[in-house]
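Q: Got a structure for you, questions after.
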Amino acid sequence: MRIKVKRAIAVISFFALIMQGITLSNLFASGPSRVMAAPKTASSVEGSITASDAVQTFEMGRKAERGDIKVVDLRGTWRQMGRQYGSLMKDELEDVKAFLDIIIEANAGNAEKTDRIVELETAQTPYRISEFFEGAAETSGMTVQQLQTINAVERIGGLPKCSVAMAWGKYAASDLVIGRNYDYSDYFALLKDDIAVTVYHPSDGALATATIGYVGEIYAVNGLNEKGIFLELNNGKPSANVKSPNKRVTGTTMLFESLFEADELSDMEFFFNTVNCSSSYIINVADENKGQSFEWCPIGVLHGEKTLPDGLLASTNYYVNPNWQFDVPTEEKSWLGQIRRNNLIDLCEKNKGKIDEKKMMEIINKTVEEGGAKNELTVYQMVVVPRERRLWLQITGGSEWTPVDLDSFFKS
């Protein structure tokens with residue numbers, strides 16, 4: 001098991017602090033912190049992680065690493081891809097399991113709720129993902145149930161916050177560019193070594209697709225496919241805190257499925273108008289030319305991007321379409337959602353016509369106090385250019401801006 005004794009002790013100690021109401025922001029307040037450190041600029045990062053950088057292989061799968069950034073490239077049937085994943089990501093899966101075991105232990109009083117989350121996760125798993133878990137169980141040393149529990153780590157551990165900005169047309173320097181802050185419960189910073197890009201090449205004729213997230217997540221909260229269709233998920237519960245139906249496949253699983261089928265942006269419109277959601281989300285999507293926002297909840301879906309000028313999209317954690325009958329959530333309830341969104345809009349307006357990858361990094365890396373959206377809960381950040389199939393990834397407290405040439409993985 002890769003997780004070191006010192007790290008395990010640190011994790012246990014950290015959760016003891018959590019139980020006393022002490023958070024990461026409190027913990028780091030008294031001294032220097034890497035949490036909000038300024039990143040290197042795009043020009044100072046040498047080279048991209050490409051398919052030729054793979055340092056570890058298993059059957060038809062391969063794995064490339066640079067610093068904390070891992071890219072695992074899978075191909076074959078879903079069971080074969082599961083076998084490759086289980087072997088190549090075995091150490092990271094052990095890390096996430098150890099982390100999750102401590103969360104479950106710390107929340108022993110809510111064991112029934114945790115069991116229910118895992119039960120629902122298991123009951124609604126599509127066949128192809130079930131096959132993936134069966135394959136992973138053959139090579140990871142874990143049971144299918146353990147892998148399914150890891151797959152529910154975010155739902156067990158809390159609620160995502162997040163923010164995104166997109167610029168194209170008159171706002172962009174050239175191609176459409178996306179900037180994304182992934183914000184989560186502060187103790188998820190302990191998983192900074194276990195964030196990965198996973199590239200799937202299914203042999204069933206589906207599109208090659210990459211997802212970005214915690215190791216063991218076989219669903220999509222961030223993704224880009226070989227046709228340049230991108231999506232990311234923000235929590236929409238501050239606006240639409242409606243009851244989640246029990247007998248619906250989770251929205252994150254359905255988003256995962258959608259990326260293997262969508263070869264143009266209009267396919268995503270059809271998807272959201274067809275598929276009922278299990279919870280309340282804001283899903284922001286893009287192709288090479290424009291972005292769209294779908295405010296998607298169990299009672300329906302509406303567009304959110306039409307409240308902004310063409311060429312600009314900014315989204316946090318509340319619904320902006322005025323046709324909803326929901327009250328606008330307070331700043332406290334939406335984690336300063338309106339402030340963060342307005343800050344992103346202002347920054348994009350100030351840089352209108354000049355927003356490229358480097359500028360977008362600067363925009364999303366500004367803290368709330370600096371007039372941006374980044375905050376103490378930001379776990380990782382990404383900048384994406386769908387036309388180039390290029391991703392830049394930065395992990396808070398870990399690897400700085402690192403480019404990943406997804407096009408090389410898609411075409412290999």
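Within each chain, counting starts at residue 1; across the structure tokens, chains are named A, B, ... in the order shown, with ligands numbered 1 upward in that order.
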Give me, as a Markdown table, the closest atom pair and its distance (Å, one decimal) for every residue of region 142-250 of chain A within a cut-off of 12 Å of region 279-289 of chain A, counting only C-alpha atoms, rows sorted by chain and rising number.
A:
| residue | atom | partner | partner_atom | distance |
| --- | --- | --- | --- | --- |
| A:Arg155 | CA | A:Ser279 | CA | 11.4 |
| A:Leu159 | CA | A:Tyr281 | CA | 11.1 |
| A:Pro160 | CA | A:Tyr281 | CA | 10.2 |
| A:Lys161 | CA | A:Tyr281 | CA | 10.5 |
| A:Cys162 | CA | A:Ile282 | CA | 10.2 |
| A:Ser163 | CA | A:Asn284 | CA | 10.0 |
| A:Val164 | CA | A:Asn284 | CA | 8.0 |
| A:Ala165 | CA | A:Asn284 | CA | 9.3 |
| A:Met166 | CA | A:Ala286 | CA | 8.5 |
| A:Ala167 | CA | A:Asn289 | CA | 9.6 |
| A:Trp168 | CA | A:Asn289 | CA | 6.8 |
| A:Gly169 | CA | A:Asn289 | CA | 7.8 |
| A:Lys170 | CA | A:Asn289 | CA | 11.6 |
| A:Ala172 | CA | A:Asn289 | CA | 10.6 |
| A:Ser174 | CA | A:Asn289 | CA | 10.3 |
| A:Asp175 | CA | A:Glu288 | CA | 7.2 |
| A:Leu176 | CA | A:Asn289 | CA | 6.0 |
| A:Val177 | CA | A:Glu288 | CA | 8.7 |
| A:Ile178 | CA | A:Ala286 | CA | 8.6 |
| A:Gly179 | CA | A:Asn284 | CA | 11.3 |
| A:Arg180 | CA | A:Asn284 | CA | 10.3 |
| A:Ala220 | CA | A:Ile283 | CA | 10.9 |
| A:Val221 | CA | A:Ile283 | CA | 8.9 |
| A:Asn222 | CA | A:Ile283 | CA | 9.7 |
| A:Gly223 | CA | A:Val285 | CA | 9.5 |
| A:Leu224 | CA | A:Asp287 | CA | 9.3 |
| A:Asn225 | CA | A:Asp287 | CA | 9.9 |
| A:Glu226 | CA | A:Asp287 | CA | 10.8 |
| A:Lys227 | CA | A:Asp287 | CA | 8.1 |
| A:Gly228 | CA | A:Asp287 | CA | 5.5 |
| A:Ile229 | CA | A:Asp287 | CA | 4.7 |
| A:Phe230 | CA | A:Ala286 | CA | 5.2 |
| A:Leu231 | CA | A:Val285 | CA | 4.3 |
| A:Glu232 | CA | A:Asn284 | CA | 5.5 |
| A:Leu233 | CA | A:Ile283 | CA | 4.7 |
| A:Asn234 | CA | A:Ile282 | CA | 5.0 |
| A:Asn235 | CA | A:Tyr281 | CA | 4.8 |
| A:Gly236 | CA | A:Tyr281 | CA | 4.2 |
| A:Lys237 | CA | A:Ser280 | CA | 5.2 |
| A:Pro238 | CA | A:Ser280 | CA | 8.7 |
| A:Ser239 | CA | A:Ser280 | CA | 8.3 |
| A:Ala240 | CA | A:Ser280 | CA | 5.9 |
| A:Asn241 | CA | A:Ser280 | CA | 6.9 |
| A:Val242 | CA | A:Ser280 | CA | 7.4 |
| A:Lys243 | CA | A:Ser279 | CA | 7.6 |
| A:Ser244 | CA | A:Ser279 | CA | 5.2 |
| A:Pro245 | CA | A:Ser279 | CA | 7.8 |
| A:Asn246 | CA | A:Ser279 | CA | 10.0 |
| A:Lys247 | CA | A:Ser279 | CA | 11.6 |
| A:Arg248 | CA | A:Ser279 | CA | 9.3 |
| A:Val249 | CA | A:Ser279 | CA | 10.0 |
| A:Thr250 | CA | A:Ser279 | CA | 7.6 |
Q: Quick one: write out the picked residues with N, CA and C atoms as a short mmCIF file (atom, residue, chain, number, x, y, z; two decimals), in the first residue's frame?
A:
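Listing of part-v3.cif after writing:
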data_model
loop_
_atom_site.label_atom_id
_atom_site.label_comp_id
_atom_site.auth_asym_id
_atom_site.auth_seq_id
_atom_site.Cartn_x
_atom_site.Cartn_y
_atom_site.Cartn_z
N ARG A 155 -19.71 11.42 -3.23
CA ARG A 155 -21.06 11.49 -2.65
C ARG A 155 -21.03 11.20 -1.15
N LEU A 159 -20.22 17.74 -0.79
CA LEU A 159 -20.80 18.32 -2.00
C LEU A 159 -19.78 19.20 -2.71
N PRO A 160 -19.69 19.09 -4.05
CA PRO A 160 -18.77 19.95 -4.79
C PRO A 160 -19.30 21.39 -4.87
N LYS A 161 -18.41 22.33 -5.02
CA LYS A 161 -18.78 23.75 -5.17
C LYS A 161 -18.52 24.16 -6.62
N CYS A 162 -17.31 24.59 -6.94
CA CYS A 162 -16.83 24.74 -8.32
C CYS A 162 -17.25 26.03 -9.02
N SER A 163 -16.45 26.37 -10.05
CA SER A 163 -16.74 27.51 -10.91
C SER A 163 -16.11 27.27 -12.27
N VAL A 164 -16.63 27.95 -13.30
CA VAL A 164 -16.09 27.80 -14.64
C VAL A 164 -16.29 29.10 -15.41
N ALA A 165 -15.36 29.38 -16.32
CA ALA A 165 -15.49 30.48 -17.27
C ALA A 165 -15.13 29.95 -18.65
N MET A 166 -15.86 30.41 -19.66
CA MET A 166 -15.55 30.06 -21.05
C MET A 166 -15.53 31.34 -21.87
N ALA A 167 -14.58 31.40 -22.81
CA ALA A 167 -14.49 32.56 -23.70
C ALA A 167 -14.30 32.09 -25.13
N TRP A 168 -15.06 32.68 -26.04
CA TRP A 168 -14.92 32.39 -27.46
C TRP A 168 -15.33 33.64 -28.23
N GLY A 169 -15.25 33.58 -29.54
CA GLY A 169 -15.66 34.73 -30.35
C GLY A 169 -14.90 35.99 -29.97
N LYS A 170 -15.64 37.07 -29.73
CA LYS A 170 -15.02 38.37 -29.46
C LYS A 170 -14.33 38.44 -28.10
N ALA A 172 -12.37 35.83 -26.91
CA ALA A 172 -11.16 35.00 -26.96
C ALA A 172 -10.10 35.61 -27.87
N SER A 174 -8.18 33.69 -29.62
CA SER A 174 -8.24 32.81 -30.79
C SER A 174 -9.31 31.77 -30.57
N ASP A 175 -8.89 30.54 -30.21
CA ASP A 175 -9.84 29.45 -30.03
C ASP A 175 -10.60 29.56 -28.71
N LEU A 176 -11.76 28.91 -28.66
CA LEU A 176 -12.51 28.82 -27.40
C LEU A 176 -11.62 28.23 -26.33
N VAL A 177 -11.66 28.83 -25.15
CA VAL A 177 -10.85 28.36 -24.02
C VAL A 177 -11.72 28.31 -22.77
N ILE A 178 -11.48 27.29 -21.95
CA ILE A 178 -12.27 27.02 -20.75
C ILE A 178 -11.36 27.05 -19.53
N GLY A 179 -11.81 27.69 -18.46
CA GLY A 179 -11.10 27.66 -17.18
C GLY A 179 -12.01 27.12 -16.10
N ARG A 180 -11.51 26.22 -15.31
CA ARG A 180 -12.36 25.49 -14.35
C ARG A 180 -11.66 25.34 -13.01
N ALA A 220 -18.34 10.95 -14.81
CA ALA A 220 -17.78 12.20 -15.34
C ALA A 220 -18.27 13.41 -14.57
N VAL A 221 -17.32 14.14 -13.98
CA VAL A 221 -17.57 15.50 -13.51
C VAL A 221 -16.79 16.49 -14.37
N ASN A 222 -15.81 15.97 -15.11
CA ASN A 222 -15.07 16.71 -16.12
C ASN A 222 -14.74 15.74 -17.24
N GLY A 223 -14.90 16.15 -18.49
CA GLY A 223 -14.56 15.22 -19.56
C GLY A 223 -14.44 15.90 -20.91
N LEU A 224 -13.65 15.29 -21.78
CA LEU A 224 -13.46 15.75 -23.16
C LEU A 224 -13.33 14.51 -24.04
N ASN A 225 -14.08 14.48 -25.15
CA ASN A 225 -13.94 13.32 -26.02
C ASN A 225 -13.16 13.66 -27.29
N GLU A 226 -12.93 12.66 -28.11
CA GLU A 226 -12.08 12.82 -29.29
C GLU A 226 -12.66 13.80 -30.31
N LYS A 227 -13.96 14.08 -30.25
CA LYS A 227 -14.59 15.03 -31.16
C LYS A 227 -14.53 16.46 -30.62
N GLY A 228 -13.92 16.65 -29.45
CA GLY A 228 -13.79 17.99 -28.88
C GLY A 228 -14.99 18.43 -28.07
N ILE A 229 -15.86 17.51 -27.67
CA ILE A 229 -16.99 17.84 -26.81
C ILE A 229 -16.53 17.79 -25.35
N PHE A 230 -16.70 18.91 -24.66
CA PHE A 230 -16.27 19.05 -23.27
C PHE A 230 -17.48 19.24 -22.37
N LEU A 231 -17.40 18.71 -21.14
CA LEU A 231 -18.42 19.02 -20.14
C LEU A 231 -17.78 19.09 -18.76
N GLU A 232 -18.40 19.85 -17.90
CA GLU A 232 -18.02 19.91 -16.48
C GLU A 232 -19.26 20.13 -15.65
N LEU A 233 -19.21 19.69 -14.38
CA LEU A 233 -20.37 19.69 -13.50
C LEU A 233 -20.16 20.64 -12.32
N ASN A 234 -21.17 21.46 -12.05
CA ASN A 234 -21.22 22.27 -10.83
C ASN A 234 -22.45 21.85 -10.03
N ASN A 235 -22.34 21.94 -8.73
CA ASN A 235 -23.46 21.64 -7.85
C ASN A 235 -24.54 22.72 -7.97
N GLY A 236 -25.78 22.30 -8.24
CA GLY A 236 -26.87 23.26 -8.37
C GLY A 236 -27.85 23.23 -7.21
N LYS A 237 -27.53 22.48 -6.15
CA LYS A 237 -28.48 22.33 -5.04
C LYS A 237 -28.79 23.63 -4.29
N PRO A 238 -27.86 24.60 -4.24
CA PRO A 238 -28.25 25.84 -3.57
C PRO A 238 -29.49 26.49 -4.18
N SER A 239 -29.72 26.29 -5.48
CA SER A 239 -30.93 26.82 -6.12
C SER A 239 -32.07 25.81 -6.09
N ALA A 240 -31.78 24.59 -6.53
CA ALA A 240 -32.83 23.59 -6.72
C ALA A 240 -32.62 22.43 -5.75
N ASN A 241 -32.89 22.68 -4.49
CA ASN A 241 -32.73 21.64 -3.48
C ASN A 241 -34.00 20.79 -3.41
N VAL A 242 -34.27 20.10 -4.53
CA VAL A 242 -35.46 19.26 -4.62
C VAL A 242 -35.07 17.82 -4.33
N LYS A 243 -36.04 17.03 -3.93
CA LYS A 243 -35.78 15.64 -3.55
C LYS A 243 -35.27 14.85 -4.74
N SER A 244 -34.21 14.08 -4.51
CA SER A 244 -33.64 13.25 -5.56
C SER A 244 -34.40 11.93 -5.65
N PRO A 245 -34.94 11.59 -6.81
CA PRO A 245 -35.65 10.31 -6.95
C PRO A 245 -34.71 9.13 -6.70
N ASN A 246 -35.23 8.07 -6.07
CA ASN A 246 -34.40 6.92 -5.73
C ASN A 246 -34.08 6.04 -6.93
N LYS A 247 -34.95 5.96 -7.89
CA LYS A 247 -34.78 5.00 -8.98
C LYS A 247 -34.39 5.70 -10.28
N ARG A 248 -33.34 6.50 -10.21
CA ARG A 248 -32.74 7.09 -11.40
C ARG A 248 -31.23 6.85 -11.36
N VAL A 249 -30.69 6.55 -12.51
CA VAL A 249 -29.23 6.43 -12.62
C VAL A 249 -28.64 7.80 -12.29
N THR A 250 -27.53 7.82 -11.55
CA THR A 250 -26.96 9.10 -11.13
C THR A 250 -26.57 9.94 -12.35
#
Q: Going by DSSP on the backbone, which residues of region 68-257 of chain A come out as alpha helix (DSSP H)? List them as an MDAnalysis selection string.
A: chainID A and resid 78:88 90:106 111:123 127:140 144:150 153:157 251:257
Q: Closest to Gln381 (chain A) among A:Ala206, A:Ile345, A:Leu312, A:Ile212, using only C-alpha atoms?
A: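 Residue with the minimum atom-to-atom distance to Gln381 (chain A): A:Ile212.
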Q: For CA of Val96 (chain A) and CA of Leu74 (chain A), quote the distance in Å rounded to one decimal.
A: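 Separation of CA of Val96 (chain A) and CA of Leu74 (chain A): 20.1 Å.
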Q: Could you jot down the CA of Ile395 (chain A) to CA of Glu376 (chain A) separation for me, Å, one decimal place?
A: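 These atoms are spaced 12.7 Å apart.
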Q: Using only C-alpha atoms, which residues sit within 8 Å of region 138-151 of chain A once same-chain residues fewer than 3 positions away are excluded, as a compact mmCIF listing (two decimals) with N, CA and C atoms, in the first residue's frame?
A:
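Output saved as out_19.txt:
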# COMPACT_ATOMS: atom_id res chain seq x y z
N ARG A 83 -9.40 -4.30 -16.12
CA ARG A 83 -8.20 -5.02 -15.71
C ARG A 83 -6.97 -4.10 -15.78
N GLN A 84 -6.87 -3.35 -16.87
CA GLN A 84 -5.74 -2.44 -17.03
C GLN A 84 -5.73 -1.38 -15.93
N GLY A 86 -7.18 -1.50 -12.93
CA GLY A 86 -6.93 -2.09 -11.62
C GLY A 86 -5.46 -2.33 -11.37
N SER A 87 -4.74 -2.75 -12.40
CA SER A 87 -3.31 -3.00 -12.25
C SER A 87 -2.50 -1.71 -12.22
N MET A 89 -3.42 1.39 -11.61
CA MET A 89 -3.80 2.37 -10.59
C MET A 89 -3.98 1.73 -9.22
N LYS A 90 -3.39 0.57 -9.03
CA LYS A 90 -3.58 -0.17 -7.78
C LYS A 90 -3.16 0.64 -6.56
N LEU A 93 -5.60 3.51 -5.93
CA LEU A 93 -6.86 2.98 -5.41
C LEU A 93 -6.74 2.66 -3.92
N VAL A 96 -7.04 5.96 -2.00
CA VAL A 96 -8.41 6.47 -1.91
C VAL A 96 -9.23 5.61 -0.94
N LYS A 97 -9.00 4.31 -0.97
CA LYS A 97 -9.71 3.43 -0.03
C LYS A 97 -9.36 3.78 1.41
N LEU A 100 -11.09 6.94 2.32
CA LEU A 100 -12.53 6.72 2.47
C LEU A 100 -12.85 5.95 3.74
N VAL A 118 -23.98 3.84 -1.16
CA VAL A 118 -23.29 2.77 -1.88
C VAL A 118 -24.29 1.81 -2.50
N GLU A 121 -25.69 3.40 -5.54
CA GLU A 121 -24.63 3.43 -6.55
C GLU A 121 -24.51 2.08 -7.24
N THR A 122 -24.60 1.01 -6.46
CA THR A 122 -24.45 -0.34 -6.99
C THR A 122 -25.67 -0.76 -7.81
N PHE A 133 -15.73 -2.77 -13.38
CA PHE A 133 -15.43 -3.11 -11.99
C PHE A 133 -15.02 -4.57 -11.85
N GLU A 134 -15.68 -5.46 -12.59
CA GLU A 134 -15.32 -6.88 -12.54
C GLU A 134 -13.87 -7.06 -12.98
N GLY A 135 -13.50 -6.37 -14.06
CA GLY A 135 -12.13 -6.45 -14.55
C GLY A 135 -11.14 -5.88 -13.55
N GLU A 154 -17.02 10.85 -3.64
CA GLU A 154 -17.47 12.24 -3.58
C GLU A 154 -18.85 12.35 -2.95
N GLY A 216 -10.50 6.08 -9.23
CA GLY A 216 -11.61 5.23 -8.80
C GLY A 216 -12.97 5.74 -9.22
N GLU A 217 -13.04 7.00 -9.68
CA GLU A 217 -14.30 7.56 -10.16
C GLU A 217 -14.54 7.10 -11.60
N ILE A 218 -15.50 6.23 -11.79
CA ILE A 218 -15.83 5.78 -13.14
C ILE A 218 -17.14 6.47 -13.52
Q: Please compute the CA of Glu112 (chain A)-CA of Glu332 (chain A) distance, one decimal, in Å.
A: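 Result for CA of Glu112 (chain A) versus CA of Glu332 (chain A): 28.5 Å, one decimal.
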Q: Could you check the closest approach to Gln80 (chain A) for each of A:Ala123, A:Leu191, A:Ala136, A:Ala152 and tell me which residue wins, using only C-alpha atoms?
A: A:Ala136
Q: When you count only C-alpha atoms, which of these residues is closest to Arg387 (chain A): A:Asp407, A:Glu369, A:Glu400, A:Asp186?
A: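 Answer, going by the shortest atom-to-atom distance: A:Asp407.
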Q: Choose the residue, out of A:Ile339, A:Val385, A:Thr77, A:Val328, that has the smallest atom-to-atom separation from Thr367 (chain A); count only C-alpha atoms.
A: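 Ranked by minimum distance to Thr367 (chain A), first place goes to A:Ile339.
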Q: Which of region 264-315 of chain A counts as strand (DSSP E or B) under DSSP, as a compact mmCIF listing (two decimals) with all heavy atoms, in the first residue's frame please?
A:
# COMPACT_ATOMS: atom_id res chain seq x y z
N TYR A 281 -27.93 19.94 -10.77
CA TYR A 281 -26.61 20.29 -11.27
C TYR A 281 -26.68 21.48 -12.22
O TYR A 281 -27.75 21.84 -12.73
CB TYR A 281 -25.99 19.12 -12.04
CG TYR A 281 -25.84 17.84 -11.27
CD1 TYR A 281 -26.52 16.68 -11.67
CD2 TYR A 281 -25.01 17.76 -10.16
CE1 TYR A 281 -26.36 15.49 -10.97
CE2 TYR A 281 -24.85 16.57 -9.46
CZ TYR A 281 -25.53 15.44 -9.87
OH TYR A 281 -25.38 14.27 -9.18
N ILE A 282 -25.51 22.03 -12.49
CA ILE A 282 -25.32 22.95 -13.60
C ILE A 282 -24.24 22.32 -14.46
O ILE A 282 -23.09 22.17 -14.01
CB ILE A 282 -24.89 24.35 -13.13
CG1 ILE A 282 -25.90 24.92 -12.13
CG2 ILE A 282 -24.74 25.30 -14.33
CD1 ILE A 282 -25.38 26.10 -11.34
N ILE A 283 -24.58 21.91 -15.67
CA ILE A 283 -23.63 21.25 -16.56
C ILE A 283 -23.26 22.22 -17.68
O ILE A 283 -24.11 22.65 -18.44
CB ILE A 283 -24.21 19.96 -17.16
CG1 ILE A 283 -24.86 19.10 -16.07
CG2 ILE A 283 -23.12 19.20 -17.91
CD1 ILE A 283 -23.93 18.65 -14.98
N ASN A 284 -21.99 22.57 -17.73
CA ASN A 284 -21.50 23.50 -18.74
C ASN A 284 -20.76 22.71 -19.80
O ASN A 284 -19.86 21.91 -19.47
CB ASN A 284 -20.62 24.55 -18.08
CG ASN A 284 -21.38 25.34 -17.04
OD1 ASN A 284 -22.27 26.12 -17.36
ND2 ASN A 284 -21.07 25.12 -15.76
N VAL A 285 -21.14 22.88 -21.06
CA VAL A 285 -20.60 22.09 -22.15
C VAL A 285 -20.05 23.02 -23.23
O VAL A 285 -20.40 24.20 -23.30
CB VAL A 285 -21.66 21.15 -22.75
CG1 VAL A 285 -22.26 20.24 -21.67
CG2 VAL A 285 -22.78 21.94 -23.43
N ALA A 286 -19.20 22.47 -24.07
CA ALA A 286 -18.63 23.26 -25.16
C ALA A 286 -18.13 22.34 -26.26
O ALA A 286 -17.83 21.16 -26.02
CB ALA A 286 -17.48 24.13 -24.66
N GLY A 291 -19.88 27.70 -26.07
CA GLY A 291 -20.24 27.04 -24.84
C GLY A 291 -21.72 27.17 -24.54
O GLY A 291 -22.39 28.10 -25.02
N GLN A 292 -22.24 26.24 -23.76
CA GLN A 292 -23.63 26.27 -23.32
C GLN A 292 -23.70 25.83 -21.86
O GLN A 292 -22.84 25.09 -21.38
CB GLN A 292 -24.50 25.33 -24.17
CG GLN A 292 -24.68 25.78 -25.61
CD GLN A 292 -25.58 24.82 -26.39
OE1 GLN A 292 -25.34 23.61 -26.42
NE2 GLN A 292 -26.61 25.34 -27.00
N SER A 293 -24.76 26.27 -21.17
CA SER A 293 -24.96 25.91 -19.78
C SER A 293 -26.35 25.33 -19.60
O SER A 293 -27.34 25.93 -20.05
CB SER A 293 -24.79 27.14 -18.88
OG SER A 293 -24.93 26.80 -17.52
N PHE A 294 -26.44 24.17 -18.97
CA PHE A 294 -27.72 23.51 -18.74
C PHE A 294 -27.96 23.40 -17.23
O PHE A 294 -27.18 22.76 -16.51
CB PHE A 294 -27.73 22.11 -19.37
CG PHE A 294 -27.68 22.13 -20.87
CD1 PHE A 294 -26.46 22.08 -21.53
CD2 PHE A 294 -28.84 22.22 -21.62
CE1 PHE A 294 -26.41 22.11 -22.92
CE2 PHE A 294 -28.81 22.25 -23.00
CZ PHE A 294 -27.58 22.19 -23.66
N GLU A 295 -29.01 24.04 -16.77
CA GLU A 295 -29.41 23.96 -15.36
C GLU A 295 -30.36 22.77 -15.26
O GLU A 295 -31.52 22.84 -15.65
CB GLU A 295 -30.06 25.28 -14.95
CG GLU A 295 -29.05 26.42 -15.07
CD GLU A 295 -29.62 27.81 -14.86
OE1 GLU A 295 -30.87 27.96 -14.84
OE2 GLU A 295 -28.82 28.76 -14.71
N TRP A 296 -29.83 21.67 -14.75
CA TRP A 296 -30.42 20.33 -14.89
C TRP A 296 -30.78 19.79 -13.52
O TRP A 296 -29.91 19.59 -12.68
CB TRP A 296 -29.39 19.45 -15.58
CG TRP A 296 -29.79 18.11 -16.06
CD1 TRP A 296 -30.96 17.73 -16.66
CD2 TRP A 296 -28.95 16.94 -16.04
NE1 TRP A 296 -30.92 16.41 -17.01
CE2 TRP A 296 -29.70 15.89 -16.65
CE3 TRP A 296 -27.67 16.67 -15.57
CZ2 TRP A 296 -29.18 14.59 -16.78
CZ3 TRP A 296 -27.16 15.38 -15.71
CH2 TRP A 296 -27.90 14.36 -16.31
N CYS A 297 -32.06 19.57 -13.27
CA CYS A 297 -32.50 19.06 -11.98
C CYS A 297 -33.62 18.05 -12.18
O CYS A 297 -34.10 17.85 -13.30
CB CYS A 297 -32.94 20.21 -11.06
SG CYS A 297 -34.50 20.99 -11.50
N GLY A 300 -36.66 19.19 -14.38
CA GLY A 300 -36.53 19.77 -15.71
C GLY A 300 -35.15 20.32 -16.00
O GLY A 300 -34.21 20.15 -15.22
N VAL A 301 -35.03 21.02 -17.14
CA VAL A 301 -33.76 21.60 -17.56
C VAL A 301 -34.02 22.91 -18.30
O VAL A 301 -34.98 23.02 -19.07
CB VAL A 301 -32.96 20.62 -18.45
CG1 VAL A 301 -33.72 20.27 -19.72
CG2 VAL A 301 -31.58 21.16 -18.78
N LEU A 302 -33.20 23.91 -18.03
CA LEU A 302 -33.26 25.20 -18.73
C LEU A 302 -31.84 25.66 -19.04
O LEU A 302 -30.88 25.30 -18.36
CB LEU A 302 -33.96 26.26 -17.88
CG LEU A 302 -35.46 26.09 -17.64
CD1 LEU A 302 -35.96 27.15 -16.65
CD2 LEU A 302 -36.26 26.19 -18.95
N HIS A 303 -31.72 26.50 -20.07
CA HIS A 303 -30.42 27.08 -20.41
C HIS A 303 -30.06 28.18 -19.42
O HIS A 303 -30.91 28.94 -18.97
CB HIS A 303 -30.46 27.69 -21.82
CG HIS A 303 -30.23 26.69 -22.90
ND1 HIS A 303 -28.98 26.34 -23.34
CD2 HIS A 303 -31.11 25.96 -23.65
CE1 HIS A 303 -29.08 25.45 -24.31
NE2 HIS A 303 -30.36 25.20 -24.51
N LEU A 312 -19.31 34.54 -24.05
CA LEU A 312 -18.93 34.51 -22.64
C LEU A 312 -19.87 33.60 -21.85
O LEU A 312 -21.09 33.66 -22.01
CB LEU A 312 -18.98 35.92 -22.05
CG LEU A 312 -18.73 36.06 -20.54
CD1 LEU A 312 -17.34 35.57 -20.17
CD2 LEU A 312 -18.93 37.52 -20.11
N LEU A 313 -19.29 32.78 -20.99
CA LEU A 313 -20.07 31.95 -20.07
C LEU A 313 -19.34 31.93 -18.74
O LEU A 313 -18.12 31.77 -18.68
CB LEU A 313 -20.21 30.53 -20.63
CG LEU A 313 -21.16 29.56 -19.90
CD1 LEU A 313 -21.68 28.49 -20.87
CD2 LEU A 313 -20.48 28.87 -18.72
N ALA A 314 -20.08 32.13 -17.66
CA ALA A 314 -19.53 32.02 -16.30
C ALA A 314 -20.58 31.36 -15.43
O ALA A 314 -21.77 31.70 -15.50
CB ALA A 314 -19.15 33.38 -15.74
N SER A 315 -20.16 30.41 -14.60
CA SER A 315 -21.12 29.63 -13.81
C SER A 315 -20.48 29.22 -12.49
O SER A 315 -19.30 28.89 -12.44
CB SER A 315 -21.54 28.40 -14.61
OG SER A 315 -22.39 27.55 -13.86
